[in-house]
Every structure is written in C-alpha cells, then in structure tokens.
$ cat data26.pdb   # PDB, C-alpha atoms and all ligand atoms
MODEL        1
ATOM      1  CA  MET H   5      62.537 139.506 172.033  1.00  0.00           C
ATOM      2  CA  ARG H   6      63.051 135.837 172.756  1.00  0.00           C
ATOM      3  CA  LYS H   7      64.060 134.478 176.123  1.00  0.00           C
ATOM      4  CA  THR H   8      67.328 133.183 174.634  1.00  0.00           C
ATOM      5  CA  ASP H   9      68.210 136.701 173.435  1.00  0.00           C
ATOM      6  CA  VAL H  10      67.684 138.076 176.951  1.00  0.00           C
ATOM      7  CA  GLN H  11      69.850 135.289 178.375  1.00  0.00           C
ATOM      8  CA  ALA H  12      72.567 136.068 175.824  1.00  0.00           C
ATOM      9  CA  ILE H  13      72.565 139.735 176.852  1.00  0.00           C
ATOM     10  CA  VAL H  14      72.664 138.871 180.558  1.00  0.00           C
ATOM     11  CA  THR H  15      75.494 136.371 179.980  1.00  0.00           C
ATOM     12  CA  TYR H  16      77.438 138.925 177.953  1.00  0.00           C
ATOM     13  CA  ILE H  17      77.143 141.541 180.714  1.00  0.00           C
ATOM     14  CA  LYS H  18      78.223 139.009 183.355  1.00  0.00           C
ATOM     15  CA  THR H  19      81.303 137.823 181.472  1.00  0.00           C
ATOM     16  CA  THR H  20      82.464 141.259 180.332  1.00  0.00           C
ATOM     17  CA  SER H  21      82.038 142.770 183.818  1.00  0.00           C
ATOM     18  CA  GLY H  22      83.041 139.815 185.992  1.00  0.00           C
ATOM     19  CA  CYS H  23      82.773 139.657 189.769  1.00  0.00           C
ATOM     20  CA  THR H  24      82.998 143.148 191.284  1.00  0.00           C
ATOM     21  CA  ILE H  25      85.181 141.882 194.142  1.00  0.00           C
ATOM     22  CA  CYS H  26      87.514 139.227 192.720  1.00  0.00           C
ATOM     23  CA  GLY H  27      87.120 139.700 188.959  1.00  0.00           C
ATOM     24  CA  TYR H  28      86.089 136.097 188.258  1.00  0.00           C
ATOM     25  CA  ASN H  29      84.321 135.808 184.897  1.00  0.00           C
ATOM     26  CA  SER H  30      85.069 132.317 183.540  1.00  0.00           C
ATOM     27  CA  ASP H  31      81.617 130.830 184.119  1.00  0.00           C
ATOM     28  CA  PRO H  32      78.599 133.170 183.880  1.00  0.00           C
ATOM     29  CA  THR H  33      76.371 130.575 185.574  1.00  0.00           C
ATOM     30  CA  LYS H  34      78.409 131.188 188.758  1.00  0.00           C
ATOM     31  CA  LEU H  35      77.901 134.960 188.609  1.00  0.00           C
ATOM     32  CA  ASP H  36      74.854 136.675 190.114  1.00  0.00           C
ATOM     33  CA  PHE H  37      73.374 140.152 189.960  1.00  0.00           C
ATOM     34  CA  HIS H  38      73.154 141.508 193.493  1.00  0.00           C
ATOM     35  CA  HIS H  39      70.990 144.575 194.114  1.00  0.00           C
ATOM     36  CA  ARG H  40      72.823 147.320 195.957  1.00  0.00           C
ATOM     37  CA  GLU H  41      71.266 147.938 199.343  1.00  0.00           C
ATOM     38  CA  ASP H  42      70.302 151.530 198.593  1.00  0.00           C
ATOM     39  CA  THR H  43      68.328 150.717 195.446  1.00  0.00           C
ATOM     40  CA  ASP H  44      64.670 150.166 194.730  1.00  0.00           C
ATOM     41  CA  ARG H  45      64.482 146.532 193.637  1.00  0.00           C
ATOM     42  CA  LYS H  46      61.630 145.839 191.215  1.00  0.00           C
ATOM     43  CA  PHE H  47      62.483 142.286 190.170  1.00  0.00           C
ATOM     44  CA  CYS H  48      65.251 139.690 190.126  1.00  0.00           C
ATOM     45  CA  ILE H  49      67.382 139.840 186.985  1.00  0.00           C
ATOM     46  CA  GLY H  50      67.152 136.058 186.691  1.00  0.00           C
ATOM     47  CA  ASP H  51      63.345 136.219 186.749  1.00  0.00           C
ATOM     48  CA  PHE H  52      63.079 138.790 183.985  1.00  0.00           C
ATOM     49  CA  ARG H  53      60.760 137.837 181.118  1.00  0.00           C
ATOM     50  CA  CYS H  54      60.648 140.069 178.084  1.00  0.00           C
ATOM     51  CA  SER H  55      57.226 140.283 176.471  1.00  0.00           C
ATOM     52  CA  GLN H  56      57.879 143.350 174.304  1.00  0.00           C
ATOM     53  CA  VAL H  57      61.006 144.690 172.644  1.00  0.00           C
ATOM     54  CA  GLY H  58      60.750 147.895 174.716  1.00  0.00           C
ATOM     55  CA  ASP H  59      60.858 145.879 177.929  1.00  0.00           C
ATOM     56  CA  ILE H  60      64.584 145.360 177.555  1.00  0.00           C
ATOM     57  CA  ASN H  61      65.066 148.908 178.885  1.00  0.00           C
ATOM     58  CA  LYS H  62      63.441 147.793 182.147  1.00  0.00           C
ATOM     59  CA  LEU H  63      66.049 145.051 182.355  1.00  0.00           C
ATOM     60  CA  PHE H  64      68.906 147.526 181.825  1.00  0.00           C
ATOM     61  CA  ASP H  65      67.397 149.891 184.437  1.00  0.00           C
ATOM     62  CA  GLU H  66      67.358 147.033 186.916  1.00  0.00           C
ATOM     63  CA  ILE H  67      70.892 145.864 186.037  1.00  0.00           C
ATOM     64  CA  ASP H  68      72.070 149.433 186.729  1.00  0.00           C
ATOM     65  CA  LYS H  69      71.031 148.905 190.366  1.00  0.00           C
ATOM     66  CA  CYS H  70      73.132 145.767 190.708  1.00  0.00           C
ATOM     67  CA  ILE H  71      76.688 144.688 191.208  1.00  0.00           C
ATOM     68  CA  ILE H  72      77.882 141.372 189.811  1.00  0.00           C
ATOM     69  CA  LEU H  73      79.234 138.897 192.336  1.00  0.00           C
ATOM     70  CA  CYS H  74      80.510 135.319 191.986  1.00  0.00           C
ATOM     71  CA  ARG H  75      79.018 132.687 194.292  1.00  0.00           C
ATOM     72  CA  VAL H  76      81.944 132.823 196.718  1.00  0.00           C
ATOM     73  CA  CYS H  77      81.990 136.604 197.026  1.00  0.00           C
ATOM     74  CA  HIS H  78      78.181 136.720 197.158  1.00  0.00           C
ATOM     75  CA  ASN H  79      78.180 134.405 200.188  1.00  0.00           C
ATOM     76  CA  ILE H  80      80.835 136.494 201.913  1.00  0.00           C
ATOM     77  CA  TRP H  81      78.916 139.690 201.072  1.00  0.00           C
ATOM     78  CA  GLU H  82      75.616 138.342 202.426  1.00  0.00           C
ATOM     79  CA  ALA H  83      77.318 137.099 205.590  1.00  0.00           C
ATOM     80  CA  GLY H  84      78.849 140.548 206.062  1.00  0.00           C
ATOM     81  CA  LEU H  85      75.443 142.177 205.675  1.00  0.00           C
ATOM     82  CA  ARG H  86      73.940 139.852 208.292  1.00  0.00           C
ATOM     83  CA  ARG H  87      76.723 140.703 210.714  1.00  0.00           C
ATOM     84  CA  GLY H  88      76.275 144.393 209.932  1.00  0.00           C
ATOM     85  CA  VAL H  89      79.835 144.959 208.746  1.00  0.00           C
ATOM     86  CA  LEU H  90      78.816 146.090 205.247  1.00  0.00           C
TER      87      LEU H  90
HETATM   88 ZN    ZN H 101      84.117 136.976 193.354  1.00  0.00          ZN
ENDMDL
END
$ encode --input "data26.pdb" --output "structure tokens"
Amino acid sequence: MRKTDVQAIVTYIKTTSGCTICGYNSDPTKLDFHHREDTDRKFCIGDFRCSQVGDINKLFDEIDKCIILCRVCHNIWEAGLRRGVL
C-alpha cells in the first residue's frame, strides 16, 4: 500500500468523523488523532508507514484508541490534562 493511499484513508476518517468536541471537519490538516489516556499507544497515527498490505490493520487498531480533535480543542484538552481537570 502506498503512502498516499494511507494518507487518503486517514483524511477520509478525519473528515467523516470530525472533531469529537466541536464537530469541525472542514480541513483535515487541522484535525489530529489524540490517544485516549487509558490506551496503550504504540505509534503516532501521523508517523504510520505501511510496508505491507496487512499492516493497515495495525493502523486501524491504533485509530480505535484515538479521538479526533481539531487544533483548538486539542490545545484546550491538553491544557485541561495538565491542570488535572480531565
Ligand atoms: Zn474542535
């Protein structure tokens, strides 16, 4: 599977799901996958490189551990975590 195919899948998931908090989905480059705090993070979704077709399942497993947040909500979320309110 080519890198561009993986990016297309990731972009599709971002735009169809949108930000978990505010629903923003206009620009997938402003949406990030954020690992939920109770999950076992193996890699960053953005760093994923697919060397075999079967590897795509590893990507989906990892995406299952994430919520999608826009940049604004991500900043607020991280700040909340640091203050211990989340
Ligand atoms: Zn948002």
$ resolve_selection --input "data26.pdb" --expression "the PyMOL selection byres (((chain H and resi 59-74) around 7) and not hetatm)" --output "list of chain:residue names"
H:Lys18, H:Gly22, H:Cys23, H:Thr24, H:Ile25, H:Tyr28, H:Lys34, H:Leu35, H:Asp36, H:Phe37, H:His38, H:His39, H:Arg40, H:Thr43, H:Cys54, H:Ser55, H:Gln56, H:Val57, H:Gly58, H:Arg75, H:Val76, H:Cys77, H:His78
$ closest_residue --input "data26.pdb" --among "H:Phe47, H:Ser21, H:Cys26, H:Glu41" --to "Ile80 in chain H" --atoms "all atoms listed in the file"
H:Cys26
$ atom_distance --input "data26.pdb" --atom1 "CA of Thr19 in chain H" --atom2 "CA of Thr33 in chain H"
9.7 Å
$ atom_distance --input "data26.pdb" --atom1 "CA of Arg45 in chain H" --atom2 "CA of Asp31 in chain H"
25.1 Å
$ atom_distance --input "data26.pdb" --atom1 "CA of Ile49 in chain H" --atom2 "CA of Trp81 in chain H"
18.2 Å
$ resolve_selection --input "data26.pdb" --expression "the PyMOL selection byres (((chain H and resi 6) around 9) and not hetatm)" --output "list in words"
Met5, Lys7, Thr8, Asp9, Val10, Gln11, Arg53, Cys54 and Ser55 of chain H
$ closest_residue --input "data26.pdb" --among "H:Asn79, H:Ile17, H:Phe52, H:Lys46" --to "ligand ZN 101 (chain H)" --atoms "all atoms listed in the file"
H:Asn79
$ closest_residue --input "data26.pdb" --among "H:Arg87, H:Ile13, H:Gly50, H:Gly27" --to "ligand ZN 101 (chain H)" --atoms "all atoms listed in the file"
H:Gly27
$ closest_residue --input "data26.pdb" --among "H:Cys48, H:Gly88, H:Asp42, H:Asn29" --to "Thr15 in chain H" --atoms "all atoms listed in the file"
H:Asn29
$ closest_residue --input "data26.pdb" --among "H:Ala12, H:Asp51, H:Arg86, H:Ser30" --to "ligand ZN 101 (chain H)" --atoms "only C-alpha atoms and all ligand atoms"
H:Ser30
$ axis_aligned_box --input "data26.pdb" --around "range 29-34 of chain H" --padding-each-side "3 Å" --output "AutoDock Vina command-line options"
--center_x 80.7 --center_y 133.2 --center_z 186.1 --size_x 14.7 --size_y 11.2 --size_z 11.2
$ build_atoms --input "data26.pdb" --residues "range 55-80 of chain H" --atoms "N, CA and C atoms" --output "short mmCIF file (atom, residue, chain, number, x, y, z; two decimals), in the frame of the given file"
data_model
loop_
_atom_site.label_atom_id
_atom_site.label_comp_id
_atom_site.auth_asym_id
_atom_site.auth_seq_id
_atom_site.Cartn_x
_atom_site.Cartn_y
_atom_site.Cartn_z
N SER H 55 58.39 140.54 177.31
CA SER H 55 57.23 140.28 176.47
C SER H 55 57.17 141.25 175.29
N GLN H 56 57.83 142.39 175.40
CA GLN H 56 57.88 143.35 174.30
C GLN H 56 59.32 143.80 174.12
N VAL H 57 59.64 144.24 172.91
CA VAL H 57 61.01 144.69 172.64
C VAL H 57 61.40 145.82 173.60
N GLY H 58 60.46 146.75 173.85
CA GLY H 58 60.75 147.90 174.72
C GLY H 58 61.07 147.51 176.15
N ASP H 59 60.64 146.32 176.55
CA ASP H 59 60.86 145.88 177.93
C ASP H 59 62.33 145.74 178.28
N ILE H 60 63.17 145.59 177.28
CA ILE H 60 64.58 145.36 177.56
C ILE H 60 65.17 146.55 178.33
N ASN H 61 64.60 147.75 178.14
CA ASN H 61 65.07 148.91 178.88
C ASN H 61 64.81 148.75 180.38
N LYS H 62 63.72 148.05 180.72
CA LYS H 62 63.44 147.79 182.15
C LYS H 62 64.53 146.90 182.73
N LEU H 63 64.97 145.94 181.91
CA LEU H 63 66.05 145.05 182.36
C LEU H 63 67.33 145.86 182.60
N PHE H 64 67.68 146.74 181.66
CA PHE H 64 68.91 147.53 181.82
C PHE H 64 68.80 148.46 183.03
N ASP H 65 67.60 149.03 183.26
CA ASP H 65 67.40 149.89 184.44
C ASP H 65 67.68 149.10 185.71
N GLU H 66 67.21 147.85 185.72
CA GLU H 66 67.36 147.03 186.92
C GLU H 66 68.82 146.61 187.09
N ILE H 67 69.48 146.27 185.98
CA ILE H 67 70.89 145.86 186.04
C ILE H 67 71.75 147.02 186.57
N ASP H 68 71.35 148.26 186.24
CA ASP H 68 72.07 149.43 186.73
C ASP H 68 72.09 149.51 188.25
N LYS H 69 71.12 148.86 188.90
CA LYS H 69 71.03 148.90 190.37
C LYS H 69 71.85 147.80 191.02
N CYS H 70 72.47 146.97 190.19
CA CYS H 70 73.13 145.77 190.71
C CYS H 70 74.64 145.82 190.58
N ILE H 71 75.29 145.03 191.42
CA ILE H 71 76.69 144.69 191.21
C ILE H 71 76.72 143.20 190.87
N ILE H 72 77.76 142.77 190.18
CA ILE H 72 77.88 141.37 189.81
C ILE H 72 78.86 140.72 190.79
N LEU H 73 78.40 139.62 191.37
CA LEU H 73 79.23 138.90 192.34
C LEU H 73 79.27 137.42 191.97
N CYS H 74 80.43 136.77 192.14
CA CYS H 74 80.51 135.32 191.99
C CYS H 74 79.91 134.68 193.24
N ARG H 75 79.68 133.37 193.17
CA ARG H 75 79.02 132.69 194.29
C ARG H 75 79.79 132.85 195.60
N VAL H 76 81.12 132.73 195.51
CA VAL H 76 81.94 132.82 196.72
C VAL H 76 81.84 134.21 197.33
N CYS H 77 82.04 135.23 196.50
CA CYS H 77 81.99 136.60 197.03
C CYS H 77 80.58 136.96 197.48
N HIS H 78 79.57 136.44 196.78
CA HIS H 78 78.18 136.72 197.16
C HIS H 78 77.90 136.20 198.56
N ASN H 79 78.37 134.98 198.85
CA ASN H 79 78.18 134.40 200.19
C ASN H 79 78.87 135.25 201.26
N ILE H 80 80.09 135.68 200.95
CA ILE H 80 80.83 136.49 201.91
C ILE H 80 80.12 137.82 202.13
#
